[in-house]
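> I'm passing along start13.txt; it holds compact mmCIF, C-alpha atoms.
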```txt
# COMPACT_ATOMS: atom_id res chain seq x y z
CA MET A 1282 -21.12 20.43 -8.90
CA GLY A 1283 -20.53 18.40 -5.76
CA LEU A 1284 -21.84 14.87 -5.56
CA THR A 1285 -23.19 13.14 -2.49
CA VAL A 1286 -21.33 10.39 -0.70
CA GLU A 1287 -23.99 7.96 -1.91
CA GLN A 1288 -23.54 9.00 -5.54
CA ARG A 1289 -19.79 8.77 -5.30
CA THR A 1290 -19.90 5.42 -3.53
CA GLU A 1291 -22.18 4.03 -6.21
CA MET A 1292 -20.07 5.25 -9.11
CA VAL A 1293 -16.77 4.12 -7.60
CA LYS A 1294 -18.18 0.68 -6.82
CA LYS A 1295 -19.46 0.32 -10.36
CA ALA A 1296 -16.13 1.39 -11.82
CA ILE A 1297 -14.19 -1.05 -9.63
CA MET A 1298 -16.43 -3.90 -10.72
CA CYS A 1299 -15.89 -2.97 -14.40
CA GLN A 1300 -19.36 -1.54 -14.88
CA LYS A 1301 -20.28 1.86 -16.31
CA PRO A 1302 -21.05 4.52 -13.68
CA GLU A 1303 -22.58 7.96 -14.25
CA ARG A 1304 -19.20 9.63 -14.33
CA VAL A 1305 -15.50 8.92 -14.32
CA PRO A 1306 -14.50 9.12 -10.65
CA VAL A 1307 -11.53 11.35 -9.84
CA VAL A 1308 -9.12 9.71 -7.37
CA SER A 1309 -6.76 11.98 -5.43
CA LYS A 1310 -3.12 10.92 -5.24
CA GLN A 1311 -1.85 13.98 -3.40
CA GLU A 1312 0.13 12.77 -0.40
CA PRO A 1313 -0.15 14.53 2.97
CA SER A 1314 3.22 16.20 2.31
CA TYR A 1315 1.68 17.88 -0.74
CA ALA A 1316 -1.34 18.99 1.28
CA ILE A 1317 0.96 20.41 3.99
CA GLU A 1318 2.94 22.48 1.51
CA TYR A 1319 -0.17 23.52 -0.40
CA ALA A 1320 -1.75 24.81 2.81
CA GLY A 1321 1.41 26.73 3.64
CA TYR A 1322 2.48 24.81 6.74
CA ASP A 1323 6.03 23.90 7.67
CA LEU A 1324 6.57 20.27 6.64
CA LYS A 1325 8.48 19.17 9.74
CA THR A 1326 6.02 20.81 12.13
CA ALA A 1327 3.06 19.17 10.43
CA LEU A 1328 4.63 15.72 10.14
CA TRP A 1329 4.86 15.72 13.93
CA ASN A 1330 1.28 16.92 14.32
CA PRO A 1331 -1.45 14.80 12.69
CA GLU A 1332 -4.11 17.45 13.43
CA LEU A 1333 -2.17 19.93 11.31
CA ILE A 1334 -2.03 17.44 8.43
CA VAL A 1335 -5.79 17.08 8.73
CA LYS A 1336 -6.18 20.88 8.54
CA ALA A 1337 -4.01 20.91 5.45
CA THR A 1338 -6.08 18.13 3.91
CA ASP A 1339 -9.21 20.17 4.58
CA LYS A 1340 -7.74 23.11 2.68
CA MET A 1341 -6.64 20.87 -0.18
CA TYR A 1342 -10.04 19.17 -0.54
CA ALA A 1343 -11.73 22.60 -0.47
CA ASP A 1344 -9.73 23.72 -3.50
CA ILE A 1345 -8.87 20.61 -5.52
CA TYR A 1346 -11.72 18.46 -6.81
CA CYS A 1347 -11.80 14.74 -6.18
CA ASP A 1348 -14.37 12.03 -5.56
CA ALA A 1349 -12.17 9.61 -3.67
CA GLY A 1350 -8.89 9.45 -1.80
CA GLY A 1351 -7.15 7.60 0.97
CA ASN A 1352 -3.56 7.41 2.15
CA MET A 1353 -1.41 6.92 5.21
CA PRO A 1354 1.72 9.03 5.73
CA ARG A 1355 4.86 7.81 7.45
CA PHE A 1356 5.14 9.66 10.73
CA PRO A 1357 8.69 10.53 11.91
CA LEU A 1358 7.66 10.01 15.55
CA VAL A 1359 7.34 6.26 14.96
CA TYR A 1360 10.69 5.89 13.22
CA LYS A 1361 12.62 8.17 15.58
CA ILE A 1362 11.34 6.39 18.68
CA SER A 1363 12.14 2.98 17.24
CA GLY A 1364 15.59 3.99 15.99
CA SER A 1365 14.71 2.73 12.52
CA ARG A 1366 17.41 2.16 9.93
CA ALA A 1367 14.82 1.05 7.39
CA PHE A 1368 12.75 4.24 7.34
CA VAL A 1369 14.74 7.33 8.22
CA PRO A 1370 13.43 10.87 8.74
CA ARG A 1371 15.72 13.15 6.70
CA ILE A 1372 17.53 15.83 8.61
CA LYS A 1373 16.09 18.97 7.04
CA ASP A 1374 12.37 18.28 7.46
CA ASP A 1375 11.85 14.75 8.91
CA PHE A 1376 10.24 13.52 5.70
CA VAL A 1377 10.65 9.75 6.00
CA GLN A 1378 12.81 8.03 3.41
CA HIS A 1379 13.88 4.42 3.01
CA PRO A 1380 17.51 3.72 2.23
CA GLU A 1381 18.71 0.38 0.84
CA VAL A 1382 19.02 -2.01 3.78
CA GLU A 1383 19.71 -5.69 4.36
CA GLY A 1384 17.57 -6.96 7.22
CA LEU A 1385 18.27 -10.62 6.44
CA LYS A 1386 21.69 -11.95 5.47
CA TYR A 1387 22.08 -14.63 2.82
CA GLU A 1388 23.14 -17.24 5.36
CA GLU A 1389 19.92 -16.58 7.33
CA TYR A 1390 17.55 -17.71 4.56
CA ASP A 1391 16.98 -21.11 6.14
CA GLU A 1392 16.17 -19.57 9.51
CA TYR A 1393 13.60 -17.35 7.77
CA ILE A 1394 12.10 -20.18 5.73
CA ALA A 1395 11.67 -22.35 8.86
CA ASP A 1396 9.73 -19.73 10.85
CA PRO A 1397 9.53 -16.32 9.15
CA PHE A 1398 7.90 -14.49 12.05
CA ARG A 1399 10.40 -15.76 14.61
CA CYS A 1400 13.25 -14.81 12.31
CA ILE A 1401 11.78 -11.34 11.82
CA VAL A 1402 11.51 -10.80 15.58
CA ASN A 1403 14.85 -12.36 16.54
CA THR A 1404 17.06 -11.38 13.64
CA VAL A 1405 15.61 -8.79 11.27
CA ILE A 1406 14.05 -6.31 13.69
CA PRO A 1407 17.16 -6.04 15.91
CA ARG A 1408 19.20 -5.25 12.79
CA LEU A 1409 16.83 -2.67 11.33
CA TYR A 1410 15.43 -1.30 14.61
CA PRO A 1411 18.29 -1.57 17.12
CA LYS A 1412 16.48 0.37 19.84
CA LEU A 1413 13.83 -2.36 19.95
CA ALA A 1414 16.56 -4.85 20.79
CA ALA A 1415 18.22 -2.74 23.49
CA PRO A 1416 19.36 -4.84 26.47
CA GLY A 1417 17.22 -5.39 29.55
CA GLN A 1418 13.85 -3.73 29.88
CA GLU A 1419 14.79 -0.88 27.58
CA GLY A 1420 14.11 -2.91 24.43
CA SER A 1421 10.65 -3.90 25.67
CA LEU A 1422 9.89 -0.33 26.64
CA ASN A 1423 10.98 0.89 23.21
CA TYR A 1424 8.65 -1.64 21.58
CA LEU A 1425 5.84 -0.24 23.71
CA ARG A 1426 6.81 3.36 22.92
CA THR A 1427 6.82 2.59 19.23
CA MET A 1428 3.46 0.84 19.32
CA ILE A 1429 1.89 3.62 21.36
CA ALA A 1430 3.30 6.26 19.01
CA ASP A 1431 2.01 4.35 15.99
CA LYS A 1432 -1.48 4.04 17.46
CA GLN A 1433 -1.60 7.66 18.59
CA VAL A 1434 -0.60 9.30 15.32
CA LYS A 1435 -2.59 7.00 13.08
CA SER A 1436 -5.78 7.18 15.10
CA LYS A 1437 -5.61 11.00 15.24
CA TYR A 1438 -4.91 11.20 11.52
CA LEU A 1439 -7.59 8.73 10.46
CA ALA A 1440 -10.27 10.21 12.70
CA GLY A 1441 -9.50 13.73 11.46
CA CYS A 1442 -9.45 12.68 7.82
CA ALA A 1443 -12.76 10.87 8.25
CA GLU A 1444 -14.32 14.15 9.43
CA VAL A 1445 -12.86 16.10 6.53
CA GLU A 1446 -13.96 13.47 4.02
CA LYS A 1447 -17.45 13.60 5.48
CA LYS A 1448 -17.47 17.40 5.15
CA TYR A 1449 -16.70 17.24 1.42
CA GLY A 1450 -18.50 13.97 0.67
CA ILE A 1451 -15.26 12.35 -0.42
CA ILE A 1452 -14.97 8.60 -0.04
CA ASN A 1453 -11.94 6.73 1.21
CA ILE A 1454 -11.28 3.86 -1.18
CA ARG A 1455 -8.20 2.48 0.52
CA ARG A 1456 -7.69 0.74 3.85
CA GLY A 1457 -4.52 -1.05 4.75
CA ALA A 1458 -1.59 -2.14 2.65
CA ILE A 1459 0.33 -5.36 2.15
CA GLU A 1460 3.08 -6.44 -0.21
CA ALA A 1461 3.49 -9.13 -2.82
CA PRO A 1462 5.42 -11.93 -1.06
CA PHE A 1463 8.45 -11.52 -3.33
CA ASP A 1464 8.61 -7.76 -2.72
CA PHE A 1465 8.45 -8.31 1.04
CA VAL A 1466 11.53 -10.53 0.83
CA ALA A 1467 13.26 -8.17 -1.60
CA ASP A 1468 12.56 -4.74 -0.13
CA LEU A 1469 13.75 -4.71 3.48
CA LEU A 1470 14.93 -8.27 4.03
CA ARG A 1471 17.46 -8.88 1.27
CA GLY A 1472 17.50 -5.44 -0.33
CA PHE A 1473 17.57 -4.69 -4.05
CA THR A 1474 21.21 -5.65 -4.43
CA GLY A 1475 20.96 -8.82 -2.36
CA ILE A 1476 17.87 -10.21 -4.06
CA ALA A 1477 19.31 -9.51 -7.51
CA VAL A 1478 22.31 -11.71 -6.67
CA ASP A 1479 20.18 -14.36 -4.91
CA ILE A 1480 17.92 -14.82 -7.92
CA ARG A 1481 20.92 -16.00 -9.90
CA ARG A 1482 22.92 -17.91 -7.29
CA ASP A 1483 20.16 -19.54 -5.26
CA PRO A 1484 16.69 -19.30 -6.83
CA GLY A 1485 15.54 -22.30 -4.80
CA ARG A 1486 16.00 -20.50 -1.50
CA VAL A 1487 14.42 -17.33 -2.86
CA LYS A 1488 11.40 -19.35 -3.96
CA ALA A 1489 11.14 -21.06 -0.57
CA ALA A 1490 11.41 -17.72 1.25
CA VAL A 1491 8.74 -16.15 -0.94
CA GLU A 1492 6.45 -19.13 -0.41
CA ALA A 1493 7.01 -18.92 3.35
CA THR A 1494 5.99 -15.23 3.18
CA LEU A 1495 2.69 -15.83 1.40
CA PRO A 1496 0.70 -16.84 4.53
CA LEU A 1497 2.10 -13.81 6.37
CA MET A 1498 0.80 -11.39 3.72
CA TYR A 1499 -2.57 -13.14 3.60
CA LYS A 1500 -2.93 -12.96 7.37
CA LEU A 1501 -1.76 -9.35 7.41
CA ALA A 1502 -4.39 -8.40 4.85
CA LYS A 1503 -7.15 -9.79 7.07
CA ILE A 1504 -5.91 -7.79 10.05
CA VAL A 1505 -5.25 -4.42 8.40
CA ASN A 1506 -8.53 -4.54 6.48
CA PRO A 1507 -10.86 -6.67 8.59
CA THR A 1508 -14.07 -6.05 6.63
CA PRO A 1509 -14.00 -7.31 3.05
CA GLY A 1510 -16.04 -5.36 0.51
CA ILE A 1511 -15.75 -3.40 -2.72
CA ILE A 1512 -14.54 -0.35 -0.83
CA PRO A 1513 -12.23 0.32 0.85
CA SER A 1514 -9.66 -1.70 -1.09
CA LEU A 1515 -6.42 -3.16 0.13
CA PHE A 1516 -3.39 -1.45 -1.41
CA ILE A 1517 -0.55 -3.53 -2.88
CA PRO A 1518 2.34 -1.64 -4.47
CA LEU A 1519 4.46 -3.88 -6.72
CA HIS A 1520 8.14 -3.03 -6.86
CA MET A 1521 10.49 -5.56 -8.44
CA PRO A 1522 8.94 -6.98 -11.64
CA SER A 1523 10.09 -4.23 -13.98
CA TYR A 1524 13.66 -4.99 -12.88
CA MET A 1525 13.33 -8.79 -13.28
CA ARG A 1526 13.77 -11.10 -16.23
CA THR A 1527 10.43 -12.43 -17.40
CA SER A 1528 11.52 -16.02 -16.72
CA ASP A 1529 12.42 -15.13 -13.11
CA PHE A 1530 9.13 -13.28 -12.70
CA GLU A 1531 7.25 -16.34 -13.88
CA LYS A 1532 8.99 -18.69 -11.45
CA LEU A 1533 9.66 -16.53 -8.41
CA TYR A 1534 7.19 -13.63 -8.36
CA TRP A 1535 3.97 -14.55 -10.09
CA PRO A 1536 2.80 -17.81 -8.42
CA THR A 1537 2.56 -16.49 -4.84
CA PHE A 1538 1.32 -13.07 -5.95
CA LYS A 1539 -1.42 -14.65 -8.07
CA LYS A 1540 -2.50 -16.93 -5.23
CA LEU A 1541 -2.59 -14.01 -2.80
CA VAL A 1542 -4.76 -11.98 -5.19
CA ASP A 1543 -7.09 -14.88 -5.97
CA ASP A 1544 -7.58 -15.80 -2.32
CA LEU A 1545 -8.27 -12.23 -1.20
CA ILE A 1546 -10.70 -11.58 -4.06
CA ASN A 1547 -12.44 -14.87 -3.24
CA ASP A 1548 -12.74 -13.64 0.33
CA GLY A 1549 -14.64 -10.56 -0.90
CA TYR A 1550 -11.87 -7.97 -1.02
CA THR A 1551 -10.96 -5.62 -3.82
CA LEU A 1552 -7.32 -4.76 -4.34
CA GLN A 1553 -5.77 -1.52 -5.54
CA ILE A 1554 -2.58 -2.84 -7.12
CA PHE A 1555 0.08 -0.35 -8.16
CA PHE A 1556 1.94 -1.67 -11.19
CA GLU A 1557 5.07 0.44 -10.90
CA LYS A 1558 7.01 1.35 -14.06
CA ASP A 1559 6.31 -0.54 -17.29
CA TRP A 1560 4.31 -3.78 -17.22
CA SER A 1561 3.86 -4.36 -20.95
CA ARG A 1562 5.96 -7.57 -20.79
CA TYR A 1563 3.49 -9.05 -18.33
CA TYR A 1564 0.04 -8.44 -19.85
CA ASP A 1565 -0.45 -12.15 -20.59
CA TYR A 1566 -0.05 -12.85 -16.87
CA LEU A 1567 -2.27 -9.98 -15.81
CA GLN A 1568 -5.07 -11.36 -17.97
CA GLU A 1569 -5.36 -14.13 -15.39
CA LEU A 1570 -6.24 -11.68 -12.60
CA PRO A 1571 -9.88 -11.59 -11.49
CA THR A 1572 -12.38 -8.74 -11.47
CA GLY A 1573 -12.08 -6.82 -8.23
CA VAL A 1574 -8.58 -5.62 -9.02
CA ILE A 1575 -8.05 -1.89 -9.48
CA ALA A 1576 -5.09 -1.94 -11.83
CA TYR A 1577 -3.21 1.25 -11.09
CA PHE A 1578 -0.63 1.81 -13.84
CA GLU A 1579 2.29 4.18 -13.87
CA GLU A 1580 3.86 4.12 -17.36
CA ASP A 1581 1.64 1.81 -19.40
CA ASP A 1582 -0.48 3.25 -22.20
CA LEU A 1583 -4.05 2.87 -20.98
CA GLY A 1584 -5.29 2.51 -24.56
CA VAL A 1585 -3.30 -0.71 -24.94
CA VAL A 1586 -4.12 -1.83 -21.41
CA LYS A 1587 -7.82 -1.22 -21.99
CA GLU A 1588 -7.76 -3.52 -25.00
CA LYS A 1589 -5.77 -6.25 -23.25
CA LEU A 1590 -7.20 -6.14 -19.73
CA GLY A 1591 -10.12 -3.74 -19.65
CA LYS A 1592 -12.86 -6.35 -19.66
CA LYS A 1593 -11.81 -7.82 -16.31
CA LEU A 1594 -9.80 -5.16 -14.50
CA CYS A 1595 -10.69 -1.64 -13.42
CA LEU A 1596 -8.01 0.69 -14.79
CA MET A 1597 -6.51 3.68 -13.03
CA GLY A 1598 -3.49 5.97 -13.23
CA ASN A 1599 -1.09 6.95 -16.01
CA PHE A 1600 -1.61 10.75 -16.03
CA PRO A 1601 2.03 11.92 -15.85
CA ILE A 1602 2.51 14.21 -12.89
CA SER A 1603 5.61 15.55 -14.63
CA MET A 1604 3.20 17.40 -16.95
CA LEU A 1605 1.64 19.16 -13.96
CA ARG A 1606 5.08 20.53 -13.19
CA LEU A 1607 6.36 21.32 -16.67
CA ASN A 1608 3.46 21.89 -19.06
CA THR A 1609 0.76 24.48 -19.59
CA LYS A 1610 -2.73 24.16 -18.18
CA GLN A 1611 -4.17 23.49 -21.64
CA GLU A 1612 -1.56 20.82 -22.41
CA CYS A 1613 -2.44 19.08 -19.13
CA ILE A 1614 -6.14 19.19 -19.95
CA ASP A 1615 -5.49 17.84 -23.44
CA LYS A 1616 -3.55 14.93 -21.92
CA ALA A 1617 -6.36 14.19 -19.46
CA LYS A 1618 -8.85 14.13 -22.36
CA GLU A 1619 -6.60 11.80 -24.35
CA ILE A 1620 -6.37 9.32 -21.46
CA ILE A 1621 -10.09 9.45 -20.69
CA ASP A 1622 -10.96 8.90 -24.35
CA LYS A 1623 -8.82 5.77 -24.33
CA ALA A 1624 -9.56 4.31 -20.91
CA ALA A 1625 -13.08 5.36 -19.96
CA PRO A 1626 -15.33 3.90 -22.70
CA GLY A 1627 -17.59 1.22 -21.26
CA GLY A 1628 -16.68 1.99 -17.65
CA GLY A 1629 -14.22 0.23 -15.37
CA TYR A 1630 -11.98 3.28 -15.04
CA LEU A 1631 -10.87 5.69 -12.32
CA PHE A 1632 -9.01 8.87 -13.28
CA CYS A 1633 -5.78 9.23 -11.34
CA MET A 1634 -2.19 10.40 -11.63
CA ASP A 1635 0.64 8.01 -12.56
CA LYS A 1636 2.12 8.20 -9.06
CA SER A 1637 1.69 9.97 -5.75
CA ILE A 1638 2.28 13.72 -5.70
CA LEU A 1639 4.67 14.39 -2.84
CA THR A 1640 5.56 18.07 -2.97
CA LEU A 1641 4.47 21.36 -4.51
CA ALA A 1642 7.49 21.11 -6.78
CA ASP A 1643 5.93 17.95 -8.30
CA ALA A 1644 2.75 19.65 -9.47
CA LYS A 1645 1.67 23.24 -9.98
CA PRO A 1646 -1.59 23.58 -8.07
CA GLU A 1647 -3.25 25.56 -10.88
CA ASN A 1648 -2.60 22.70 -13.31
CA LEU A 1649 -3.80 20.06 -10.87
CA ILE A 1650 -6.97 22.01 -10.11
CA ALA A 1651 -7.67 22.54 -13.82
CA VAL A 1652 -7.18 18.85 -14.66
CA CYS A 1653 -9.37 17.56 -11.82
CA GLU A 1654 -12.18 19.99 -12.66
CA PHE A 1655 -11.92 19.15 -16.35
CA VAL A 1656 -12.17 15.41 -15.68
CA HIS A 1657 -15.19 15.94 -13.45
CA GLU A 1658 -16.97 17.96 -16.15
CA TYR A 1659 -15.81 15.98 -19.19
CA GLY A 1660 -15.93 12.47 -17.74
CA VAL A 1661 -19.67 11.98 -17.98
CA TYR A 1662 -21.06 8.76 -19.45
CA ARG A 1663 -23.95 9.64 -21.76
CA MET B 1050 -3.12 -20.49 4.66
CA THR B 1051 -2.19 -20.17 8.29
CA VAL B 1052 0.79 -18.65 10.02
CA LYS B 1053 2.48 -20.86 12.57
CA SER B 1054 5.31 -19.54 14.65
CA GLU B 1055 6.72 -20.55 17.98
CA LEU B 1056 6.47 -16.88 18.99
CA LEU B 1057 2.75 -16.50 18.30
CA GLN B 1058 0.47 -17.87 20.98
CA TYR B 1059 -2.57 -19.15 19.14
CA TRP B 1060 -4.99 -21.69 20.50
CA GLU B 1061 -4.43 -25.00 18.76
CA GLU B 1062 -7.15 -27.57 18.31
CA GLY B 1063 -7.57 -29.38 21.62
CA LYS B 1064 -4.61 -27.64 23.22
CA ALA B 1065 -4.95 -24.60 25.47
CA ILE B 1066 -2.52 -21.71 25.52
CA GLU B 1067 -0.24 -21.93 28.54
CA GLY B 1068 -1.95 -20.40 31.56
CA TYR B 1069 -5.50 -21.11 30.33
CA ASN B 1070 -7.85 -24.09 30.49
CA LEU B 1071 -9.51 -25.83 27.59
CA GLU B 1072 -12.88 -25.24 29.28
CA GLU B 1073 -12.55 -21.46 28.97
CA GLU B 1074 -11.76 -21.52 25.24
CA ASP B 1075 -15.10 -19.94 24.25
CA ILE B 1076 -14.46 -17.02 26.60
CA VAL B 1077 -10.78 -16.25 26.23
CA LYS B 1078 -9.68 -17.51 22.82
CA ASP B 1079 -10.89 -14.64 20.60
CA PRO B 1080 -9.59 -11.81 22.82
CA LEU B 1081 -6.22 -13.54 23.11
CA HIS B 1082 -6.04 -14.13 19.37
CA GLN B 1083 -6.88 -10.48 18.67
CA VAL B 1084 -3.88 -9.46 20.76
CA GLU B 1085 -1.62 -11.85 18.84
CA ASP B 1086 -3.02 -10.57 15.54
CA GLU B 1087 -2.31 -6.94 16.45
CA LEU B 1088 1.17 -7.84 17.63
CA PHE B 1089 1.82 -9.70 14.40
CA ALA B 1090 0.53 -6.85 12.22
CA PHE B 1091 2.44 -4.20 14.16
CA ILE B 1092 5.76 -6.01 13.83
CA LEU B 1093 5.28 -6.79 10.16
CA GLY B 1094 4.22 -3.18 9.65
CA LEU B 1095 7.74 -2.14 10.58
CA LEU B 1096 9.03 -3.94 7.50
CA TYR B 1097 7.12 -2.43 4.58
```
Could you rewrite the structure in this file as structure tokens?


Amino acid sequence: MGLTVEQRTEMVKKAIMCQKPERVPVVSKQEPSYAIEYAGYDLKTALWNPELIVKATDKMYADIYCDAGGNMPRFPLVYKISGSRAFVPRIKDDFVQHPEVEGLKYEEYDEYIADPFRCIVNTVIPRLYPKLAAPGQEGSLNYLRTMIADKQVKSKYLAGCAEVEKKYGIINIRRGAIEAPFDFVADLLRGFTGIAVDIRRDPGRVKAAVEATLPLMYKLAKIVNPTPGIIPSLFIPLHMPSYMRTSDFEKLYWPTFKKLVDDLINDGYTLQIFFEKDWSRYYDYLQELPTGVIAYFEEDDLGVVKEKLGKKLCLMGNFPISMLRLNTKQECIDKAKEIIDKAAPGGGYLFCMDKSILTLADAKPENLIAVCEFVHEYGVYR
Amino acid sequence: MTVKSELLQYWEEGKAIEGYNLEEEDIVKDPLHQVEDELFAFILGLLY
């Protein structure tokens, strides 16, 4: 049975605010690349043609049940035009990948701390996007080309998806993404290897750089999602904590992340935060987070998380997509039931996979369809 | 929490952006700031 947009909006809002809706909402985590393959289109052709991705999404939503979705693919056009070394379309199909890079050298920390945006423009971008720093007018023109490309593909994609979502009554619960300040410094500025060394040899500079990044992420949030409300949420994927020592997390990661979350929630936002890998070491910290956070877990047992955090945070995630690839339909349904029975009681829960589904090889469609339909039928609050 | 950078041209209290007059603040400030905001978000968007 299909629900109306109004019904879905109401139940998702209630779940996010830790109340009990009529049903457990089903959140789609199929990426556009999955939709493209599912619809039978060539991946490279579609990644260069947002309208084709929209057609593929239409086909996917027609066949695979969900109440809510929302994503933004990386378009190869943007990264080819800009000559990106940070996000690189792979040769065989232009699916964009991100290799380990070092946009900021250790000796440039002080330059970054003094004026992060100036340092990004003058030092980091030329290193990671050399075409944007081409001599003479060419660099300026490449900036313009990149910005135009970005606007063109995203506006076509978003407008098309909005039409498709309207057709199926599916609500978009995500708008815009930012990073935790530490992850911003770690991911493309210092790189995984660089930050791991810096944490030990110069934690003071790491802390100062992370603190200098906090206002940038706060400002970015306001721009990429200019209208605070319960939906759509801002997306924040968290990368480094599962690789950090708890003592380093406490000193270098948590303070700025917590302030960012608190300030944005106080401003009226909700945040879909992806807790990548295993967060069981950090539950005592997460208990300090406010209601308005959609806590999207990958590996954590939602039964344990429900007990520790379920009163304040809306829970989401944890259905292993590996089962959709490897197990039988009935085994997948049994797993979905097990997770719902643990996480859904009392509300404050959105059914979702443990991570994004990128390709057909990640998830057999018949299993995915069976699980989503089962959750829709079974996940009724009585 | 505000972002200050010598590269971002935001109107400061009592000080007009170069090329504009304080008297026209009510008219020009918001459109100019929106351009700076988009520029800021676009460039940061290349890094995550």

> Using all atoms listed in the file, list the residues that have an atom at most 6 Å from (10.7, -7.2, 7.2), coordinates as in the file, as a ChimeraX atom specification.

/A:1469-1470 /B:1096

> Go through A:Val1487, A:Leu1533, A:Cys1442, A:Leu1545 and flag the residue nearest chain B, using all atoms listed in the file for the distances.

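For chain B, the nearest of the candidates is A:Leu1545.
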
> List every protein, DNA or RNA residue that has at least one atom no more than 12 Å from (-2.7, 26.8, -10.4) in the file's coordinates, counting all atoms listed in the file, and write the result as a list in words.

Tyr1319, Asp1344, Ile1345, Leu1605, Arg1606, Asn1608, Thr1609, Lys1610, Gln1611, Cys1613, Leu1641, Ala1644, Lys1645, Pro1646, Glu1647, Asn1648, Leu1649, Ile1650, Ala1651, Val1652, Cys1653 and Glu1654 of chain A

> Looking at only C-alpha atoms, which of B:Val1052, B:Glu1067, B:Gln1083, B:Glu1072 is the one that sits closest to chain A?

B:Val1052

> Which distance in Å separates CA of Glu1383 in chain A and CA of Arg1366 in chain A, to one decimal?

9.9 Å

> Restricting the calculation to only C-alpha atoms: of A:Asn1330, A:Ser1528, A:Ser1363, A:Thr1551, which residue gets closest to Glu1419 in chain A?

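Using only C-alpha atoms, the shortest distance to Glu1419 in chain A belongs to A:Ser1363.
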
> Dump as a VMD selection string the residues of chain B that approach chain A to within 10 Å, counting only C-alpha atoms.

chain B and resid 1050 to 1057 1083 1086 to 1097

> Hey, what's within 12 Å of Glu1588 in chain A if we count only C-alpha atoms and toss same-chain stuff fewer than 5 positions away? As a list in words, please?

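Selected residues are Tyr1564, Gln1568, Asp1582, Leu1583, Lys1593, Leu1594, Leu1596, Lys1623, Ala1624, Ala1625, Pro1626 and Gly1627 of chain A.
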
> Given 3 Å on each side, where is the centre and what are the edge lengths in Å to one decimal of the axis-aligned box enclosing the listed atoms of range 1064-1080 of chain B, as AutoDock Vina command-line options?


```
--center_x -7.7 --center_y -19.7 --center_z 26.1 --size_x 20.9 --size_y 21.8 --size_z 17.0
```

> What separation in Å, quoted to one decimal, exists between CA of Glu1392 in chain A and CA of Arg1482 in chain A?

18.2 Å

> In Å, how far is it from CA of Pro1331 in chain A to CA of Arg1426 in chain A?

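Atom-to-atom, CA of Pro1331 in chain A and CA of Arg1426 in chain A are spaced 17.4 Å apart.
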
> Between A:Tyr1659, A:Asp1635, A:Pro1416, A:Tyr1534, single out the one closest to Asp1615 in chain A, counting all atoms listed in the file.

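Closest to Asp1615 in chain A of all the choices is A:Tyr1659.
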
> Using all atoms listed in the file, can you tell me which of A:Asp1323, A:Glu1658, A:Asp1479, A:Glu1388 comes closest to Ile1614 in chain A?

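Nearest to Ile1614 in chain A: A:Glu1658.
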
> Please list as a ChimeraX atom specification every residue within 10 Å of Tyr1315 in chain A, counting all atoms listed in the file and excluding residues in the same chain fewer than 4 positions away.

/A:1310-1311,1319-1321,1324,1334,1337-1338,1341,1637-1644,1646

> For the residues in the current selection, export C-alpha atoms as an mmCIF file, keeping the file's coordinate frame.


```cif
data_model
loop_
_atom_site.group_PDB
_atom_site.id
_atom_site.type_symbol
_atom_site.label_atom_id
_atom_site.label_comp_id
_atom_site.auth_asym_id
_atom_site.auth_seq_id
_atom_site.Cartn_x
_atom_site.Cartn_y
_atom_site.Cartn_z
ATOM 1 C CA LYS A 1310 -3.120 10.920 -5.240
ATOM 2 C CA GLN A 1311 -1.850 13.980 -3.400
ATOM 3 C CA TYR A 1319 -0.170 23.520 -0.400
ATOM 4 C CA ALA A 1320 -1.750 24.810 2.810
ATOM 5 C CA GLY A 1321 1.410 26.730 3.640
ATOM 6 C CA LEU A 1324 6.570 20.270 6.640
ATOM 7 C CA ILE A 1334 -2.030 17.440 8.430
ATOM 8 C CA ALA A 1337 -4.010 20.910 5.450
ATOM 9 C CA THR A 1338 -6.080 18.130 3.910
ATOM 10 C CA MET A 1341 -6.640 20.870 -0.180
ATOM 11 C CA SER A 1637 1.690 9.970 -5.750
ATOM 12 C CA ILE A 1638 2.280 13.720 -5.700
ATOM 13 C CA LEU A 1639 4.670 14.390 -2.840
ATOM 14 C CA THR A 1640 5.560 18.070 -2.970
ATOM 15 C CA LEU A 1641 4.470 21.360 -4.510
ATOM 16 C CA ALA A 1642 7.490 21.110 -6.780
ATOM 17 C CA ASP A 1643 5.930 17.950 -8.300
ATOM 18 C CA ALA A 1644 2.750 19.650 -9.470
ATOM 19 C CA PRO A 1646 -1.590 23.580 -8.070
#
```

> What's the 12 Å shell around Leu1071 in chain B, counting only C-alpha atoms, without same-chain residues fewer than 6 positions away, as a list of chain:residue names?

B:Trp1060, B:Glu1061, B:Glu1062, B:Gly1063, B:Lys1064, B:Ala1065, B:Val1077, B:Lys1078

> Can you list, as a PyMOL selection string, every protein, DNA or RNA residue that comes within 7 Å of Ser1514 in chain A when you count only C-alpha atoms, leaving out same-chain residues fewer than 6 positions away?

chain A and resi 1454-1456+1550-1553
